[in-house]
Amino acid sequence: MAEQNCLVANDWICGEYLRSRGHELAEATVQHIWITVASVLIGLVVALPLALLARRGRHFAAPVLGLTTVLYTVPSLAMFSLLLPLFGLSAALVVTGLVLYSLTILVRNILAGLEAVPQEAREAAEGMGYGPVRLLWEVELPLALPALMAGLRIATVSTVALTTVGSLVGKGGLGNLIEDALPSFFKAQVLTASVLCVLLAVAADLLLLGVQRLLTPWTRIRTPGGASAGAGIAKTEAV
């Protein structure tokens with residue numbers, strides 16, 4: 001009875017809310033996850049060629065980095081309004097907006113990782129007969145993984161938070177619950193949805209950190225002098 005009264009009393013913490021709205025919470029969480037994953041993956045696919053284009057020289061870097069920065073500064077309400085004629089009130093509208101927001105982080109980190117690849121590693125690979133494509137996939141991208149994964153982690157956590165803005169068109173995952181609860185200030189729903197958003201962000205970050213550690217074991221190896229073994233691996237990567 002006391003737990004049921006917490007709904008009547010509009011308490012912040014209410015076990016009865018979790019029991020009675022479990023299905024609703026699960027559906028919102030699943031929607032939140034798939035929108036986030038789709039946005040980040042598409043953003044990564046778009047960011048890679050943009051970073052490669054920006055690496056070709058200052059004449060390309062300035063417009064690419066400038067455009068992605070401008071896109072990030074566009075308010076979400078304006079962004080969705082601009083995309084609305086193209087996608088209507090659909091999940092594609094939210095995903096596209098989130099992809100555009102993720103580009104400034106992903107492009108900059110991929111570019112930074114590629115530019116940090118030691119020149120001797122490239123020269124060694126070219127001396128072994130590596131062409132541009134093989135050089136990129138087998139030497140440069142593996143050595144750029146630490147910066148790339150760092151950018152992916154930041155973009156993912158940011159996207160988890162920004163997905164809630166999709167509630168403007170009814171496609172905001174947990175953001176839908178927050179928006180629905182605000183008019184009546186339903187405390188348990190606001191708190192639960194907010195906590196779940198935070199937990200999703202933390203879980204995603206820890207998952208990507210684990211993936212990063214698996215893909216970049218050399219970053220945890222230290223030479224006797226205290227330096228990372230990455231520099232040594234960079235010199236022998238093409239061998």
# chains A, B, ... in the order shown; residues from 1 in each chain; ligands from 1
$ residues_around --residues "Thr163 of chain A" --least-positions-apart "3" --cutoff "9 Å" --atoms "only C-alpha atoms" --output "list in words"
His32, Ile35, Thr36, Val94, Val95, Leu98, Ser158, Thr159, Val160, Gly166, Ser167, Lys171, Gly172, Gly173, Leu174 and Gly175 of chain A
$ residues_around --residues "Val195 of chain A" --least-positions-apart "6" --cutoff "12 Å" --atoms "only C-alpha atoms" --output "PyMOL selection string"
chain A and resi 12-13+25+29+161+174-175+177-178+188-189+201-202
$ write_last_selection --atoms "C-alpha atoms" --output "JSON list (two decimals), in the first residue's frame"
[["chain", "number", "residue", "atom", "x", "y", "z"],
["A", 12, "TRP", "CA", 10.82, 10.83, -6.92],
["A", 13, "ILE", "CA", 11.59, 7.19, -6.11],
["A", 25, "LEU", "CA", 10.33, 1.79, -20.01],
["A", 29, "THR", "CA", 15.04, 2.15, -23.83],
["A", 161, "ALA", "CA", 22.10, 12.56, -24.48],
["A", 174, "LEU", "CA", 13.62, 7.87, -23.08],
["A", 175, "GLY", "CA", 13.21, 11.54, -23.96],
["A", 177, "LEU", "CA", 8.95, 9.73, -21.27],
["A", 178, "ILE", "CA", 10.61, 12.84, -19.90],
["A", 188, "ALA", "CA", 9.18, 9.15, -10.78],
["A", 189, "GLN", "CA", 9.00, 9.09, -14.58],
["A", 201, "ALA", "CA", 25.83, 6.54, -21.62],
["A", 202, "VAL", "CA", 28.09, 4.97, -18.96]]
$ residues_around --residues "segment 41-51 of chain A" --least-positions-apart "4" --cutoff "10 Å" --atoms "only C-alpha atoms" --output "PDB file with C-alpha atoms, in the first residue's frame"
ATOM      1  CA  THR A  36      21.907   5.995 -30.874  1.00  0.00           C
ATOM      2  CA  VAL A  37      23.665   3.016 -32.487  1.00  0.00           C
ATOM      3  CA  ARG A  55      43.876  15.318 -44.772  1.00  0.00           C
ATOM      4  CA  ARG A  56      44.618  16.118 -48.403  1.00  0.00           C
ATOM      5  CA  PHE A  60      40.167  20.843 -48.051  1.00  0.00           C
ATOM      6  CA  ALA A  61      40.578  20.820 -44.256  1.00  0.00           C
ATOM      7  CA  VAL A  64      35.339  20.313 -44.045  1.00  0.00           C
ATOM      8  CA  LEU A  65      36.150  21.225 -40.443  1.00  0.00           C
ATOM      9  CA  THR A  68      31.055  20.180 -39.425  1.00  0.00           C
ATOM     10  CA  VAL A  95      18.956   9.848 -36.930  1.00  0.00           C
ATOM     11  CA  THR A  96      20.007  12.278 -39.671  1.00  0.00           C
ATOM     12  CA  LEU A  98      22.249  13.129 -34.782  1.00  0.00           C
ATOM     13  CA  VAL A  99      24.594  12.017 -37.573  1.00  0.00           C
ATOM     14  CA  LEU A 100      25.230  15.644 -38.511  1.00  0.00           C
ATOM     15  CA  TYR A 101      25.920  16.531 -34.871  1.00  0.00           C
ATOM     16  CA  SER A 102      28.392  13.651 -34.489  1.00  0.00           C
ATOM     17  CA  LEU A 103      30.522  14.650 -37.474  1.00  0.00           C
ATOM     18  CA  THR A 104      32.450  17.456 -35.798  1.00  0.00           C
ATOM     19  CA  ILE A 105      33.757  15.070 -33.117  1.00  0.00           C
ATOM     20  CA  LEU A 106      34.381  12.069 -35.352  1.00  0.00           C
ATOM     21  CA  VAL A 107      36.023  13.932 -38.239  1.00  0.00           C
ATOM     22  CA  ARG A 108      38.411  15.821 -35.979  1.00  0.00           C
ATOM     23  CA  ASN A 109      39.467  12.725 -34.042  1.00  0.00           C
ATOM     24  CA  ILE A 110      39.944  10.560 -37.124  1.00  0.00           C
ATOM     25  CA  LEU A 111      41.960  13.336 -38.740  1.00  0.00           C
ATOM     26  CA  ALA A 112      44.080  13.766 -35.605  1.00  0.00           C
ATOM     27  CA  GLY A 113      44.747  10.035 -35.472  1.00  0.00           C
ATOM     28  CA  LEU A 114      45.772   9.847 -39.118  1.00  0.00           C
ATOM     29  CA  LEU A 148      39.458   7.227 -33.500  1.00  0.00           C
ATOM     30  CA  GLY A 151      36.285  10.249 -30.680  1.00  0.00           C
ATOM     31  CA  LEU A 152      33.799   7.402 -31.049  1.00  0.00           C
ATOM     32  CA  ALA A 155      30.338  10.949 -29.955  1.00  0.00           C
ATOM     33  CA  THR A 156      28.416   7.989 -28.542  1.00  0.00           C
TER      34      THR A 156
END
$ atom_distance --atom1 "atom CA of Val30 of chain A" --atom2 "atom CA of Leu162 of chain A"
15.5 Å
$ select_by_dssp --residues "segment 29-239 of chain A" --states "alpha helix (DSSP H)" --output "ChimeraX atom specification"
/A:29-54,58-73,76-87,91-115,119-127,132-135,141-162,174-181,187-215,230-236
$ closest_residue --among "A:Asn176, A:Gly57, A:Leu67, A:Arg153" --to "Val190 of chain A" --atoms "only C-alpha atoms"
A:Asn176
$ closest_residue --among "A:Ala28, A:Leu215, A:Val169, A:Leu191" --to "Ala92 of chain A" --atoms "only C-alpha atoms"
A:Val169
$ closest_residue --among "A:Ser76, A:Ser90, A:Ser20, A:Asn5" --to "Gly170 of chain A" --atoms "only C-alpha atoms"
A:Ser90
$ decode --residues "segment 99-125 of chain A" --atoms "N, CA and C atoms" --output "mmCIF file, in the first residue's frame"
data_model
loop_
_atom_site.group_PDB
_atom_site.id
_atom_site.type_symbol
_atom_site.label_atom_id
_atom_site.label_comp_id
_atom_site.auth_asym_id
_atom_site.auth_seq_id
_atom_site.Cartn_x
_atom_site.Cartn_y
_atom_site.Cartn_z
ATOM 1 N N VAL A 99 23.405 12.284 -36.744
ATOM 2 C CA VAL A 99 24.594 12.017 -37.573
ATOM 3 C C VAL A 99 25.339 13.319 -37.842
ATOM 4 N N LEU A 100 24.603 14.349 -38.218
ATOM 5 C CA LEU A 100 25.230 15.644 -38.511
ATOM 6 C C LEU A 100 25.915 16.218 -37.273
ATOM 7 N N TYR A 101 25.311 16.040 -36.100
ATOM 8 C CA TYR A 101 25.920 16.531 -34.871
ATOM 9 C C TYR A 101 27.190 15.758 -34.509
ATOM 10 N N SER A 102 27.241 14.473 -34.860
ATOM 11 C CA SER A 102 28.392 13.651 -34.489
ATOM 12 C C SER A 102 29.624 13.915 -35.355
ATOM 13 N N LEU A 103 29.420 14.508 -36.521
ATOM 14 C CA LEU A 103 30.522 14.650 -37.474
ATOM 15 C C LEU A 103 31.671 15.497 -36.952
ATOM 16 N N THR A 104 31.366 16.582 -36.239
ATOM 17 C CA THR A 104 32.450 17.456 -35.798
ATOM 18 C C THR A 104 33.416 16.731 -34.864
ATOM 19 N N ILE A 105 32.902 15.831 -34.029
ATOM 20 C CA ILE A 105 33.757 15.070 -33.117
ATOM 21 C C ILE A 105 34.501 13.972 -33.861
ATOM 22 N N LEU A 106 33.777 13.211 -34.671
ATOM 23 C CA LEU A 106 34.381 12.069 -35.352
ATOM 24 C C LEU A 106 35.418 12.495 -36.391
ATOM 25 N N VAL A 107 35.087 13.497 -37.198
ATOM 26 C CA VAL A 107 36.023 13.932 -38.239
ATOM 27 C C VAL A 107 37.316 14.444 -37.626
ATOM 28 N N ARG A 108 37.213 15.257 -36.604
ATOM 29 C CA ARG A 108 38.411 15.821 -35.979
ATOM 30 C C ARG A 108 39.281 14.739 -35.346
ATOM 31 N N ASN A 109 38.673 13.763 -34.697
ATOM 32 C CA ASN A 109 39.467 12.725 -34.042
ATOM 33 C C ASN A 109 40.099 11.768 -35.045
ATOM 34 N N ILE A 110 39.357 11.418 -36.096
ATOM 35 C CA ILE A 110 39.944 10.560 -37.124
ATOM 36 C C ILE A 110 41.105 11.276 -37.803
ATOM 37 N N LEU A 111 40.900 12.551 -38.100
ATOM 38 C CA LEU A 111 41.960 13.336 -38.740
ATOM 39 C C LEU A 111 43.183 13.434 -37.832
ATOM 40 N N ALA A 112 42.965 13.678 -36.548
ATOM 41 C CA ALA A 112 44.080 13.766 -35.605
ATOM 42 C C ALA A 112 44.827 12.446 -35.522
ATOM 43 N N GLY A 113 44.099 11.338 -35.529
ATOM 44 C CA GLY A 113 44.747 10.035 -35.472
ATOM 45 C C GLY A 113 45.572 9.746 -36.712
ATOM 46 N N LEU A 114 45.040 10.081 -37.874
ATOM 47 C CA LEU A 114 45.772 9.847 -39.118
ATOM 48 C C LEU A 114 47.021 10.712 -39.205
ATOM 49 N N GLU A 115 46.907 11.956 -38.762
ATOM 50 C CA GLU A 115 48.056 12.854 -38.813
ATOM 51 C C GLU A 115 49.142 12.476 -37.807
ATOM 52 N N ALA A 116 48.762 11.702 -36.782
ATOM 53 C CA ALA A 116 49.729 11.297 -35.766
ATOM 54 C C ALA A 116 50.511 10.038 -36.162
ATOM 55 N N VAL A 117 50.118 9.403 -37.270
ATOM 56 C CA VAL A 117 50.846 8.214 -37.718
ATOM 57 C C VAL A 117 52.273 8.614 -38.099
ATOM 58 N N PRO A 118 53.290 7.959 -37.539
ATOM 59 C CA PRO A 118 54.682 8.324 -37.852
ATOM 60 C C PRO A 118 54.981 8.228 -39.339
ATOM 61 N N GLN A 119 55.696 9.204 -39.842
ATOM 62 C CA GLN A 119 56.021 9.224 -41.259
ATOM 63 C C GLN A 119 56.881 8.028 -41.656
ATOM 64 N N GLU A 120 57.745 7.555 -40.725
ATOM 65 C CA GLU A 120 58.589 6.412 -41.053
ATOM 66 C C GLU A 120 57.773 5.145 -41.277
ATOM 67 N N ALA A 121 56.603 5.052 -40.608
ATOM 68 C CA ALA A 121 55.736 3.886 -40.828
ATOM 69 C C ALA A 121 55.172 3.915 -42.244
ATOM 70 N N ARG A 122 54.770 5.102 -42.699
ATOM 71 C CA ARG A 122 54.261 5.219 -44.061
ATOM 72 C C ARG A 122 55.357 4.898 -45.075
ATOM 73 N N GLU A 123 56.551 5.440 -44.846
ATOM 74 C CA GLU A 123 57.653 5.224 -45.786
ATOM 75 C C GLU A 123 58.055 3.763 -45.852
ATOM 76 N N ALA A 124 58.037 3.091 -44.690
ATOM 77 C CA ALA A 124 58.370 1.668 -44.670
ATOM 78 C C ALA A 124 57.339 0.866 -45.453
ATOM 79 N N ALA A 125 56.058 1.200 -45.268
ATOM 80 C CA ALA A 125 55.001 0.482 -45.978
ATOM 81 C C ALA A 125 55.094 0.724 -47.477
#
